[in-house]
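Next comes query.txt, with compact mmCIF, C-alpha atoms.
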# COMPACT_ATOMS: atom_id res chain seq x y z
CA MET S 1 8.72 -3.32 -4.90
CA SER S 2 7.73 -6.78 -3.79
CA THR S 3 10.80 -7.30 -1.67
CA GLN S 4 11.39 -8.12 1.95
CA SER S 5 12.39 -4.58 2.88
CA TYR S 6 9.44 -2.51 1.69
CA PHE S 7 6.52 -2.83 4.08
CA PRO S 8 3.65 -0.55 3.04
CA VAL S 9 1.04 0.42 5.63
CA PRO S 10 -1.62 -2.31 5.53
CA PRO S 11 -5.35 -1.55 5.43
CA GLY S 12 -7.11 -1.33 8.79
CA VAL S 13 -8.97 -4.28 10.22
CA GLY S 14 -12.69 -4.06 10.93
CA MET S 15 -14.22 -0.64 11.43
CA GLU S 16 -10.95 1.24 11.80
CA GLU S 17 -9.14 2.63 8.78
CA ASN S 18 -5.40 3.16 8.84
CA PHE S 19 -4.80 6.84 8.17
CA LEU S 20 -1.62 6.23 6.16
CA SER S 21 -2.76 3.12 4.31
CA LEU S 22 -2.96 3.69 0.56
CA ASP S 23 -5.46 0.83 0.31
CA ASP S 24 -7.75 2.49 2.83
CA ILE S 25 -7.49 5.79 0.96
CA LEU S 26 -8.62 4.03 -2.21
CA LEU S 27 -11.37 2.28 -0.28
CA SER S 28 -12.70 5.53 1.15
CA HIS S 29 -13.04 6.86 -2.39
CA GLU S 30 -16.02 4.54 -2.99
CA ARG S 31 -19.38 6.29 -3.25
CA LEU S 32 -22.45 5.86 -1.09
CA PRO S 33 -26.05 6.91 -1.76
CA VAL S 34 -26.84 9.71 0.65
CA ARG S 35 -29.72 12.02 1.52
CA THR S 36 -28.98 15.48 2.91
CA GLU S 37 -30.86 16.35 6.08
CA CYS S 38 -29.92 20.02 6.04
CA SER S 39 -29.07 22.49 3.33
CA PHE S 40 -25.54 23.24 2.15
CA PRO S 41 -25.49 26.88 1.04
CA ARG S 42 -23.30 27.95 -1.88
CA LEU S 43 -22.30 24.37 -2.71
CA GLY S 44 -24.81 23.91 -5.50
CA PHE S 45 -21.97 23.42 -7.98
CA LEU S 46 -21.25 20.00 -6.47
CA GLU S 47 -24.60 18.70 -7.61
CA ARG S 48 -24.49 18.60 -11.40
CA SER S 49 -28.11 17.80 -12.10
CA SER S 50 -29.48 21.15 -10.93
CA ASP S 51 -28.19 24.70 -11.36
CA ALA S 52 -29.10 25.75 -7.85
CA HIS S 53 -26.84 27.98 -5.80
CA ASP S 54 -27.32 25.82 -2.71
CA ILE S 55 -27.86 22.16 -2.07
CA PRO S 56 -31.31 21.99 -0.50
CA GLU S 57 -32.34 19.69 2.33
CA GLY S 58 -33.60 16.32 1.14
CA THR S 59 -31.34 16.06 -1.91
CA LYS S 60 -30.33 12.58 -2.91
CA MET S 61 -26.67 12.40 -3.94
CA GLU S 62 -23.74 10.05 -4.09
CA LEU S 63 -20.90 11.06 -1.84
CA PRO S 64 -17.57 9.33 -1.34
CA LEU S 65 -17.10 7.44 1.92
CA TRP S 66 -14.54 9.89 3.31
CA LEU S 67 -16.94 12.81 2.94
CA SER S 68 -19.89 10.85 4.30
CA LYS S 69 -17.90 9.80 7.36
CA GLY S 70 -16.67 13.36 7.90
CA LEU S 71 -20.10 14.95 7.72
CA TYR S 72 -22.14 12.27 9.46
CA GLU S 73 -23.37 13.00 12.97
CA ARG S 74 -25.32 10.62 15.14
CA LYS S 75 -28.11 13.12 15.75
CA ARG S 76 -28.90 12.92 11.99
CA LYS S 77 -28.88 16.65 11.49
CA VAL S 78 -26.62 16.52 8.47
CA LEU S 79 -26.79 13.33 6.37
CA SER S 80 -28.57 10.06 6.26
CA VAL S 81 -26.68 7.31 4.52
CA ASP S 82 -28.52 4.70 2.54
CA LEU S 83 -27.19 1.19 2.04
CA PRO S 84 -25.76 0.30 -1.36
CA LYS S 85 -27.78 -2.57 -2.78
CA VAL S 86 -25.06 -5.15 -2.19
CA TYR S 87 -25.54 -4.79 1.55
CA LYS S 88 -29.33 -4.83 1.52
CA GLU S 89 -31.64 -7.67 2.46
CA GLY S 90 -32.01 -9.02 -1.09
CA TRP S 91 -28.32 -9.50 -1.78
CA ARG S 92 -27.65 -10.66 1.76
CA THR S 93 -29.94 -13.65 1.16
CA VAL S 94 -28.05 -14.47 -2.02
CA PHE S 95 -24.79 -14.46 -0.09
CA THR S 96 -26.09 -16.73 2.63
CA ALA S 97 -27.44 -19.14 0.01
CA ASP S 98 -24.07 -19.70 -1.67
CA PRO S 99 -21.20 -17.34 -0.86
CA CYS S 100 -18.72 -19.00 -3.22
CA VAL S 101 -20.66 -18.26 -6.36
CA VAL S 102 -20.74 -14.47 -6.12
CA ASP S 103 -18.35 -12.24 -8.06
CA LEU S 104 -17.18 -10.01 -5.22
CA HIS S 105 -14.89 -8.04 -7.48
CA LYS S 106 -17.87 -6.82 -9.45
CA MET S 107 -19.87 -6.05 -6.30
CA GLY S 108 -17.44 -3.24 -5.59
CA PRO S 109 -13.85 -4.41 -5.22
CA TYR S 110 -13.88 -3.48 -1.54
CA TYR S 111 -16.87 -5.53 -0.40
CA TYR S 112 -15.61 -6.33 3.10
CA GLY S 113 -13.85 -3.00 3.59
CA LEU S 114 -16.79 -0.85 2.56
CA GLY S 115 -19.20 -3.13 4.45
CA SER S 116 -17.21 -2.63 7.65
CA GLN S 117 -17.13 1.14 7.14
CA ILE S 118 -20.88 1.32 6.54
CA LEU S 119 -21.40 0.13 10.09
CA HIS S 120 -20.38 3.65 11.18
CA PHE S 121 -23.68 5.04 9.92
CA ASP S 122 -25.99 3.47 12.51
CA SER S 123 -28.33 1.67 10.16
CA PRO S 124 -30.93 -0.47 11.93
CA GLU S 125 -29.69 -3.35 9.77
CA ASN S 126 -26.12 -3.07 11.13
CA SER S 127 -26.06 -6.37 13.00
CA ASP S 128 -27.45 -8.21 9.96
CA ILE S 129 -24.90 -6.59 7.69
CA ALA S 130 -22.07 -7.52 10.05
CA GLN S 131 -23.30 -11.10 10.20
CA ALA S 132 -23.59 -11.31 6.43
CA LEU S 133 -20.03 -10.00 5.95
CA LEU S 134 -18.66 -12.51 8.41
CA GLN S 135 -20.59 -15.49 7.04
CA THR S 136 -19.67 -14.64 3.45
CA PHE S 137 -16.02 -14.44 4.38
CA ILE S 138 -16.11 -17.73 6.26
CA GLY S 139 -17.90 -19.41 3.38
CA ARG S 140 -15.35 -18.28 0.80
CA PHE S 141 -12.18 -18.49 2.76
CA ARG S 142 -11.60 -22.21 2.41
CA ARG S 143 -11.69 -22.08 -1.35
CA THR S 144 -9.37 -19.04 -1.55
CA MET S 145 -6.85 -20.64 0.77
CA ASP S 146 -6.92 -23.99 -1.03
CA SER S 147 -6.47 -22.49 -4.47
CA SER S 148 -3.66 -20.18 -3.36
CA GLN S 149 -1.75 -23.13 -1.88
CA ASN S 150 -2.16 -25.39 -4.89
CA ALA S 151 -1.77 -23.17 -7.93
CA TYR S 152 1.95 -23.34 -8.64
CA ASN S 153 3.49 -21.78 -11.72
CA GLU S 154 0.22 -21.34 -13.56
CA ASP S 155 -2.06 -18.56 -14.68
CA THR S 156 -4.20 -17.71 -11.66
CA SER S 157 -6.35 -15.03 -13.26
CA ALA S 158 -9.43 -17.26 -13.37
CA LEU S 159 -9.09 -18.00 -9.66
CA VAL S 160 -8.55 -14.41 -8.66
CA GLU S 161 -10.99 -12.47 -10.83
CA ARG S 162 -14.02 -12.99 -8.60
CA LEU S 163 -12.26 -12.13 -5.36
CA ASP S 164 -12.65 -8.95 -3.35
CA SER S 165 -9.46 -7.01 -2.56
CA LEU S 166 -9.09 -8.48 0.95
CA GLU S 167 -9.33 -12.00 -0.47
CA LYS S 168 -6.86 -11.08 -3.21
CA ALA S 169 -4.34 -10.00 -0.58
CA LEU S 170 -4.80 -13.31 1.22
CA PHE S 171 -4.40 -15.18 -2.07
CA ARG S 172 -1.17 -13.31 -2.77
CA SER S 173 0.31 -14.20 0.62
CA GLY S 174 -0.66 -17.80 0.08
CA GLN S 175 1.11 -17.76 -3.28
CA ASN S 176 4.19 -16.11 -1.77
CA GLY S 177 4.36 -18.83 0.85
CA LEU S 178 3.97 -21.55 -1.77
CA ASN S 179 6.59 -20.06 -4.08
CA SER S 180 9.08 -19.58 -1.25
CA PHE S 181 8.62 -23.16 -0.14
CA GLN S 182 9.04 -24.49 -3.65
CA SER S 183 12.17 -22.46 -4.22
CA TRP S 184 13.58 -23.74 -0.94
CA GLU S 185 12.86 -27.29 -1.98
CA LYS S 186 14.73 -26.72 -5.23
CA GLY S 187 17.72 -25.36 -3.37
CA GLN S 188 17.22 -21.88 -4.74
CA ALA S 189 16.70 -20.33 -1.35
CA SER S 190 20.38 -19.63 -0.90
CA GLN S 191 20.79 -18.03 -4.31
CA LEU S 192 21.53 -14.35 -4.05
CA THR S 193 19.37 -12.18 -6.26
CA ALA S 194 19.46 -8.69 -7.65
CA SER S 195 17.34 -6.09 -5.93
CA SER S 196 13.96 -5.88 -7.62
CA LEU S 197 14.37 -2.11 -7.73
CA VAL S 198 17.29 -2.56 -10.13
CA LEU S 199 15.37 -5.03 -12.27
CA ASN S 200 12.33 -2.76 -12.51
CA TYR S 201 14.46 0.24 -13.40
CA ARG S 202 16.14 -1.70 -16.20
CA LYS S 203 12.79 -2.80 -17.59
CA ARG S 204 11.52 0.75 -17.56
CA LYS S 205 14.65 2.02 -19.30
CA LEU S 206 14.25 -0.54 -22.07
CA ALA S 207 10.64 0.47 -22.53
CA ASP S 208 11.67 4.12 -22.86
CA VAL S 209 14.27 3.23 -25.49
CA GLN S 210 11.76 1.23 -27.48
CA THR S 211 9.07 3.95 -27.65
CA LEU U 212 -2.77 21.40 11.66
CA LEU U 213 -3.37 23.48 14.76
CA ASN U 214 -3.90 26.62 12.66
CA LEU U 215 -6.46 24.89 10.50
CA SER U 216 -8.59 23.91 13.49
CA GLN U 217 -8.33 27.39 14.97
CA LEU U 218 -9.41 28.89 11.66
CA ILE U 219 -12.44 26.63 11.45
CA PHE U 220 -13.34 27.42 15.04
CA CYS U 221 -13.17 31.14 14.25
CA PHE U 222 -15.34 30.72 11.15
CA ARG U 223 -17.95 28.80 13.10
CA ASN U 224 -18.11 31.38 15.84
CA GLU U 225 -18.22 34.19 13.33
CA ALA U 226 -20.95 32.41 11.43
CA LYS U 227 -22.97 31.96 14.62
CA SER U 228 -22.49 35.51 15.82
CA PHE U 229 -23.51 36.97 12.47
CA GLY U 230 -26.60 34.80 12.46
CA ARG U 231 -25.22 32.74 9.57
CA SER U 232 -25.08 29.39 11.33
CA ASP U 233 -26.70 27.96 8.20
CA LEU U 234 -23.23 28.16 6.60
CA ILE U 235 -21.78 25.71 9.09
CA PRO U 236 -22.54 22.52 7.08
CA SER U 237 -20.75 24.01 4.07
CA ILE U 238 -17.80 25.03 6.21
CA LYS U 239 -17.70 21.53 7.62
CA LEU U 240 -17.74 20.02 4.13
CA ARG U 241 -14.84 22.19 3.00
CA HIS U 242 -12.95 21.20 6.15
CA CYS U 243 -13.45 17.52 5.27
CA CYS U 244 -11.97 18.21 1.84
CA LEU U 245 -8.92 19.89 3.35
CA LEU U 246 -8.40 16.97 5.73
CA ARG U 247 -8.72 14.56 2.82
CA ASN U 248 -6.03 16.35 0.83
CA GLN U 249 -3.82 16.38 3.87
CA ARG U 250 -4.31 12.63 4.36
CA CYS U 251 -3.49 11.85 0.72
CA ILE U 252 -0.35 13.98 0.74
CA THR U 253 0.90 12.59 4.06
CA ALA U 254 0.29 8.99 3.00
CA TYR U 255 2.12 9.58 -0.30
CA LEU U 256 5.15 11.15 1.38
CA TYR U 257 5.22 8.43 4.02
CA ASP U 258 5.10 5.70 1.37
CA ARG U 259 8.05 7.32 -0.38
CA LEU U 260 10.00 7.22 2.89
CA LEU U 261 9.21 3.52 3.31
CA ARG U 262 10.56 2.85 -0.17
CA ILE U 263 13.66 4.96 0.47
CA ARG U 264 14.27 3.04 3.68
CA ALA U 265 13.98 -0.23 1.75
CA LEU U 266 16.68 1.05 -0.62
CA ARG U 267 19.23 1.04 2.19
CA TRP U 268 18.61 -2.69 2.65
CA GLU U 269 18.10 -3.62 -0.99
CA TYR U 270 20.77 -1.58 -2.63
CA GLY U 271 23.34 -0.32 -0.17
CA SER U 272 24.41 2.84 1.57
CA VAL U 273 25.25 4.78 -1.59
CA LEU U 274 22.26 5.41 -3.81
CA PRO U 275 22.63 5.55 -7.59
CA ALA U 276 22.48 9.03 -9.05
CA ASN U 277 19.32 8.41 -11.00
CA VAL U 278 17.41 7.51 -7.82
CA ARG U 279 18.86 10.43 -5.86
CA PHE U 280 17.78 12.72 -8.68
CA HIS U 281 14.14 11.93 -7.91
CA MET U 282 14.42 12.49 -4.16
CA SER U 283 13.71 15.78 -2.42
CA ALA U 284 16.41 17.43 -0.32
CA GLU U 285 14.56 16.43 2.86
CA GLU U 286 14.39 12.81 1.70
CA VAL U 287 18.12 12.75 0.99
CA GLN U 288 18.70 14.14 4.46
CA TRP U 289 16.35 11.54 5.95
CA PHE U 290 18.20 8.77 4.17
CA GLY U 291 21.49 10.06 5.58
CA GLN U 292 20.09 10.05 9.10
CA TYR U 293 18.60 6.59 8.69
CA LYS U 294 21.95 5.30 7.45
CA LYS U 295 23.63 6.78 10.51
CA SER U 296 21.13 5.25 12.95
CA LEU U 297 21.48 1.87 11.29
CA ALA U 298 25.28 2.08 11.32
CA SER U 299 25.45 2.94 15.03
CA PHE U 300 23.01 0.13 15.79
CA MET U 301 25.11 -2.34 13.83
CA ARG U 302 28.27 -1.18 15.59
CA SER U 303 26.68 -1.85 18.96
CA LEU U 304 25.93 -5.51 18.19
CA GLY U 305 28.06 -8.44 19.31
CA GLU U 306 29.35 -6.72 22.46
CA GLY U 307 30.78 -3.72 20.71
CA GLU U 308 32.47 -5.68 17.96
CA GLY U 309 29.82 -4.76 15.40
CA LEU U 310 27.95 -6.88 12.86
CA ASP U 311 26.83 -5.96 9.36
CA ILE U 312 23.26 -7.21 9.37
CA THR U 313 22.63 -6.06 5.81
CA GLN U 314 24.88 -8.89 4.63
CA ASP U 315 23.98 -12.55 4.48
CA ILE U 316 20.26 -11.94 4.49
CA LYS U 317 19.89 -15.40 3.00
CA PRO U 318 21.80 -18.00 5.04
CA PRO U 319 25.13 -18.65 3.30
CA LYS U 320 25.98 -22.16 2.18
CA SER U 321 29.64 -21.61 1.33
CA LEU U 322 32.41 -19.05 1.61
CA TYR U 323 33.02 -18.85 -2.12
CA ILE U 324 30.43 -18.62 -4.87
CA GLN U 325 30.36 -18.83 -8.65
CA VAL U 326 29.28 -15.59 -10.31
CA ARG U 327 28.73 -14.44 -13.86
CA CYS U 328 29.26 -10.85 -14.86
CA LEU U 329 26.20 -9.20 -16.40
CA LYS U 330 27.87 -6.02 -17.54
CA ASP U 331 31.36 -4.53 -17.73
CA HIS U 332 32.34 -3.25 -14.31
CA GLY U 333 36.10 -2.79 -14.65
CA GLU U 334 38.70 -4.02 -12.20
CA PHE U 335 37.88 -5.60 -8.89
CA GLU U 336 40.46 -6.28 -6.18
CA ILE U 337 40.12 -9.09 -3.63
CA GLU U 338 41.88 -9.66 -0.32
CA ASP U 339 45.03 -11.44 -1.44
CA GLY U 340 45.78 -8.60 -3.84
CA THR U 341 44.67 -10.28 -7.07
CA VAL U 342 42.80 -8.05 -9.44
CA ILE U 343 39.91 -9.51 -11.38
CA LEU U 344 38.60 -7.95 -14.58
CA LEU U 345 34.82 -7.94 -14.54
CA LYS U 346 33.95 -8.17 -18.20
CA LYS U 347 30.48 -8.96 -19.44
CA ASN U 348 29.76 -12.73 -19.43
CA SER U 349 32.98 -13.69 -17.66
CA GLN U 350 32.61 -16.14 -14.79
CA HIS U 351 34.55 -16.08 -11.55
CA PHE U 352 34.82 -17.96 -8.27
CA LEU U 353 34.86 -15.28 -5.60
CA PRO U 354 34.34 -14.83 -1.85
CA ARG U 355 30.64 -14.52 -1.18
CA TRP U 356 30.75 -11.48 1.02
CA LYS U 357 32.66 -9.44 -1.56
CA CYS U 358 30.06 -10.17 -4.22
CA GLU U 359 26.86 -9.72 -2.28
CA GLN U 360 26.49 -6.04 -2.95
CA LEU U 361 27.38 -6.33 -6.67
CA ILE U 362 24.80 -9.10 -7.07
CA ARG U 363 22.13 -6.94 -5.45
CA GLN U 364 23.03 -4.10 -7.76
CA GLY U 365 22.60 -6.34 -10.78
CA VAL U 366 26.26 -6.28 -11.87
CA LEU U 367 26.91 -9.94 -11.10
CA GLU U 368 24.66 -12.96 -11.22
CA HIS U 369 24.93 -15.79 -8.70
CA VAL U 370 25.31 -19.04 -10.62
CA VAL U 371 23.89 -22.04 -8.81
CA SER U 372 24.74 -25.36 -10.41
What does this structure look like when you write it as structure tokens?
Amino acid sequence: MSTQSYFPVPPGVGMEENFLSLDDILLSHERLPVRTECSFPRLGFLERSSDAHDIPEGTKMELPLWLSKGLYERKRKVLSVDLPKVYKEGWRTVFTADPCVVDLHKMGPYYYGLGSQILHFDSPENSDIAQALLQTFIGRFRRTMDSSQNAYNEDTSALVERLDSLEKALFRSGQNGLNSFQSWEKGQASQLTASSLVLNYRKRKLADVQT
Amino acid sequence: LLNLSQLIFCFRNEAKSFGRSDLIPSIKLRHCCLLRNQRCITAYLYDRLLRIRALRWEYGSVLPANVRFHMSAEEVQWFGQYKKSLASFMRSLGEGEGLDITQDIKPPKSLYIQVRCLKDHGEFEIEDGTVILLKKNSQHFLPRWKCEQLIRQGVLEHVVS
């Protein structure tokens, strides 16, 4: 429902996730390359490549963010988390060179979100990663804002396809603002409308009848 | 939630005392999985409540049967309690005179509006006693506040010239 009464829990800002945010739950599903620093007895079935009963120390695996965060301890007894290549030195230089050119949707749709969460794992490159995230965002923001405020009543898929999910949310709010303003200018702001719930239900019913 | 933590605590202590502290990482991993499931379930149920709450504002205080069919008993009860809280709040506004804040969400421009009927809805009585027949595609000039709910429910369409 894209109405004024349904307000879903937004994703967290920075290093904090919102427990109830569906976006953050999806974000924390992303996988990270990890190396175990201790053994995990009887959990061999999680690691498909070997038939071992246990997961030995030193195994390289990919674990989702939520599991990595849950197991990680500062003293490094349990896991060491490696950086995905998008956050490493090589890619960081590409971003600083020209942030607007990169397809952030392909680089993992949650580039900023995952980048902020990676800071929890005490990498020595943390401050560089944080800087890169910030500079990339600043570099791209102007273009996102401009295009969202000027694309009225047209197909925006070309503008949106290279944006990360945070930028997409910003683009959507920009579009909402633009559309509301335009409808006010046309005098449609006072027109009463049907609840979108009703409209969606009707559409679904028609689809059921047709199949 | 409390029981879960106590259970884990017991397992850890048992593991330590039996000299099986090597099992602790696996126990911890399983605990993370349980917490994850709990988070997903809670977020899903909470999102449903947010949508149900929006229904009170979007649709009205009586939910259509097909929506109620998909709600759990607890959700129906929650909706009833939310309705009650909202109603007592609205009654307290304007120095005890009450104000229906679910009406006129968009600032009204006139007392009467032109509406077109989108489906047959039967007879409709207005203040001065006249009865209007709401037949599909008929147009009427009616008091705005009487129509607002029917427009939201998709029975009438507001015609703006």
Determine the nearest neighbour of chain U from the options S:Tyr87, S:Lys69, S:Arg48, S:Thr193, counting only C-alpha atoms.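 Closest to chain U of all the choices is S:Thr193.
Atom CA of Pro33 of chain S is positioned 5.4 Å from atom CA of Asp82 of chain S.
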Using only C-alpha atoms and a distance of at most 7 Å, pull out the residues of chain S that contact chain U, as an MDAnalysis selection string. chainID S and resid 5:8 19:22 40:41 43 67 70:71 190:195 198
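The spacing separating atom CA of Thr144 of chain S from atom CA of His105 of chain S amounts to 13.7 Å.
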Leaving out segment 297-301 of chain U and any residue of its chain fewer than 5 positions from it, which residues lie within 7 Å of it when counting only C-alpha atoms, given as an NGL selection string? :U and (309-312)
Find the residues around Cys100 of chain S up to 10 Å (only C-alpha atoms counted), leave out those fewer than 3 positions away in its own chain, and share them as a list in words.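 The residues that qualify are Phe95, Thr96, Ala97, Asp103, Leu104, Thr136, Phe137, Ile138, Gly139, Arg140, Phe141, Arg142, Arg143, Thr144, Arg162 and Leu163 of chain S.
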Written selection (C-alpha atoms) as a compact mmCIF listing (two decimals), keeping the file's coordinate frame:
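Below you can see again_25.txt, which holds the result:
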# COMPACT_ATOMS: atom_id res chain seq x y z
CA PHE S 95 -24.79 -14.46 -0.09
CA THR S 96 -26.09 -16.73 2.63
CA ALA S 97 -27.44 -19.14 0.01
CA ASP S 103 -18.35 -12.24 -8.06
CA LEU S 104 -17.18 -10.01 -5.22
CA THR S 136 -19.67 -14.64 3.45
CA PHE S 137 -16.02 -14.44 4.38
CA ILE S 138 -16.11 -17.73 6.26
CA GLY S 139 -17.90 -19.41 3.38
CA ARG S 140 -15.35 -18.28 0.80
CA PHE S 141 -12.18 -18.49 2.76
CA ARG S 142 -11.60 -22.21 2.41
CA ARG S 143 -11.69 -22.08 -1.35
CA THR S 144 -9.37 -19.04 -1.55
CA ARG S 162 -14.02 -12.99 -8.60
CA LEU S 163 -12.26 -12.13 -5.36
Please provide as a PDB file with C-alpha atoms, in the frame of the given file all residues within 10 Å of Glu16 of chain S, with the sequence filter that same-chain residues fewer than 4 positions apart are discarded (counting only C-alpha atoms).
ATOM      1  CA  PRO S  11      -5.350  -1.550   5.430  1.00  0.00           C
ATOM      2  CA  GLY S  12      -7.110  -1.330   8.790  1.00  0.00           C
ATOM      3  CA  ASP S  24      -7.750   2.490   2.830  1.00  0.00           C
ATOM      4  CA  GLY S 113     -13.850  -3.000   3.590  1.00  0.00           C
ATOM      5  CA  SER S 116     -17.210  -2.630   7.650  1.00  0.00           C
ATOM      6  CA  GLN S 117     -17.130   1.140   7.140  1.00  0.00           C
ATOM      7  CA  HIS S 120     -20.380   3.650  11.180  1.00  0.00           C
TER       8      HIS S 120
END
Using Å and a single decimal, report how far atom CA of Arg35 of chain S sits from atom CA of Ser80 of chain S. 5.3 Å
May I have the residues at most 12 Å from (-15.8, 4.5, -0.5) in the file's coordinates, counting all atoms listed in the file, as a PyMOL selection string? chain S and resi 17+23-33+62-69+84+108-118
Hey, what's within 10 Å of segment 154-160 of chain S if we count all atoms listed in the file and toss same-chain stuff fewer than 3 positions away? As a PyMOL selection string, please? chain S and resi 105+143-144+147-148+150-151+163-165+167-168+171-172+175
Residues at most 8 Å from Cys328 of chain U, counting all atoms listed in the file, excluding those fewer than 3 positions away in the same chain, as a PyMOL selection string? chain U and resi 331+345-350+366-368
Within 9 Å of (-32.9, 24.3, -0.4), only C-alpha atoms: residues as a list of chain:residue names?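 Result, sorted by chain then residue number: S:Cys38, S:Ser39, S:Phe40, S:Pro41, S:Ala52, S:His53, S:Asp54, S:Ile55, S:Pro56, S:Glu57, S:Gly58, S:Thr59.
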